[in-house]
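Here is the structure we will look at.
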Amino acid sequence: MKTPPAATPLYYLGLMSGTSLDGIDVALISIEPSAPPRLVATHAEPMPDALHSALLALCHAEQTSFAELAFAEDAFCKLQAQAVKALLNKQGLSPDNICAIGSHGQTVEHAPSGHHGGPAYTLQLDNPSLLAELTGCTVVADFRRRDLAAGGQAAPLAPAFHQALFGRHTHEQLILNLGGFANVTWMPRDTYQPVMGFDTGPANVLLDAWFAEHQTGRFDQSGAWAASGKIDHALLSRLLAEPFFHQPPPRSTGRELFHLAWLKQQLTGKEAPADVQATLAELTVISITQGIEQLLPERPSVTLITCGGGAHNSYLMARLAHHLPSATLTSPSAYGWPEDWIEAGAFAWLAHQRLHLKPGNLPSVTGAQGYRVLGGIYAP
Ligand SMILES: Nc1ncnc2c1ncn2[C@@H]1O[C@H](COP(=O)(O)OP(=O)(O)OP(=O)(O)O)[C@@H](O)[C@H]1O
Ligand SMILES: CC(=O)N[C@H]1[C@@H]2OC[C@@H](O2)[C@@H](O)[C@@H]1O[C@H](C)C(=O)O
């Protein structure tokens, strides 16, 4: 009997540049029938300082010009193309081997409830036409706005991918992303119960901003500076009074709400900077544990899969373990997915969903009126 030819793996690329603005992550994944998506290769393209500053300025700009937007978008898109080429070269692949690239774009503003009674919007800088031209690949982009049009928050989108990746098990599973912002996904053991998820608030965004203001570098390596400070409980209570932390899901947030000026409004000016850093780490952890309690008030023993850059912050992880004694903290590496690649993988998977006309959102998470096929296709 002849051995059937090995099925050609269906390769997708996911491009993610998150709210931390630390760089562009590229994940090459393969999708084969009846198996969870597999991570094949990765590449991280660091964000040059000039682009980092330009994007950060746009995130907090009260006014900007079309020329500035176009300049940043063009530089961002060219960096994405460079990142794609680096990964393809590393793997000896050509654009023909790639079914599609899923491009998240760079979020510069997220206002799912609008501003001052205006329409809801979410804005990701992206130029999928140029990316298709520069890479020779089909590009899928603009994933969030269809969910928003259907009445959803447009975020978080990763929970649908978490479900495809980790599957349902006989125990309760939580997936926690610790990026600039934190979002949690709950996969109940009972498959009749919907997957839930929402943004819990800032994860690293304030830690990074406060660190950059007082120390050298973009982030607090392993949380060493935070660990050197003392938690200021009065400040923590003032920060936790923010209404976002008490909103029921669906909810999502961004830099429009949580930024340095928001923090400074609550400071007396007498705090030692390291104590503020320790308090910000505690704010991240307490807002996450309160969010988890909203989902699971009885605090059952759960497996908590932690991903995103914050999983490398050992101080943050120790505080999380302290406040969640009945949870087993684990890494997604056990599933073949190191913590840093889940989000980029999610956008590769979302591109696959789009090409196959399958939904990308979970209405139980975003609050959309129904399942929707997300994103637009840009042929090479
Ligand atoms: N070794 C480390 N020690 C401490 N913090 C770290 C370490 N490595 C990464 N981080 C933190 O993780 C952040 C980057 O995380 P990640 O790349 O997951 O964010 P993102 O994808 O940009 O954000 P989001 O998920 O909100 O879109 C850094 O800005 C830093 O704060
Ligand atoms: C608007 C936006 O870009 N939101 C991001 C951000 O970063 C984390 C959290 O806030 C999450 O809601 C989302 O990203 C991931 C990829 C998501 O949609 O699941």
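Chain lettering (A, B, ...) mirrors the order of the structure tokens, residue numbering begins at 1 for each chain separately, and ligand numbering begins at 1 in order of display.
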
TODO: Using only C-alpha atoms, determine which residues lie at most 10 Å from Glu213 of chain A, disregarding the query and same-chain residues fewer than 5 positions distant; provide the list as a list in words.
DONE: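 Here the answer would be Asp208, Arg218, Leu260 and Pro273 of chain A.
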
Export of the given selection (C-alpha atoms) as a compact mmCIF listing (two decimals), in the first residue's frame:
# COMPACT_ATOMS: atom_id res chain seq x y z
CA ASP A 208 6.67 51.00 32.37
CA ARG A 218 11.87 50.91 29.11
CA LEU A 260 0.86 58.78 33.83
CA PRO A 273 9.25 56.57 43.67

- [ ] Write out as a list in words which residues come within 12 Å of His233 of chain A when counting only C-alpha atoms, dropping same-chain ones fewer than 3 positions away.
- [x]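 Skipping anything fewer than 3 positions along the chain leaves Lys230, Leu236, Ser237, Arg238, Leu239, Leu240, Glu271, Asp275, Val276, Ala278, Thr279, Leu280, Glu282, Leu283 and Ile286 of chain A.
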
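Using only C-alpha atoms for every distance, the candidate list A:Glu45, A:Glu133, A:Glu73, A:Glu293 yields A:Glu133 as the residue closest to Pro380 of chain A.
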
Open item on the list: Taking only segment 30-264 of chain A into account, list the residues labelled strand (DSSP E) by DSSP (computed from the backbone), as a PyMOL selection string.
Closed with: chain A and resi 30-31+38-46+98-111+121-125+139-141+173-178+181-187+196-202

TODO: Calculate how many Å separate atom CA of Ile175 of chain A from atom 13 (C, counted along the ligand's line) of ligand 2, rounding to one decimal.
DONE: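 Interatomic distance here is 13.5 Å.
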
- [ ] Please write out the residues within 9 Å of ligand 1 as an NGL selection string, counting only C-alpha atoms and all ligand atoms.
- [x] :A and (16-25 or 106-107 or 177-183 or 202-208 or 218-224 or 254 or 307-316 or 339-344)

Task: Residue among A:Pro250, A:Pro48, A:Pro297, A:Gly291 lying closest to ligand 2, counting only C-alpha atoms and all ligand atoms - done: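 The closest residue to ligand 2 is A:Pro250.
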
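Candidate residues A:Gly105, A:Pro46, A:Gly367, A:Gly375 were compared for distance to Phe198 of chain A, and the nearest is A:Gly367, using only C-alpha atoms.
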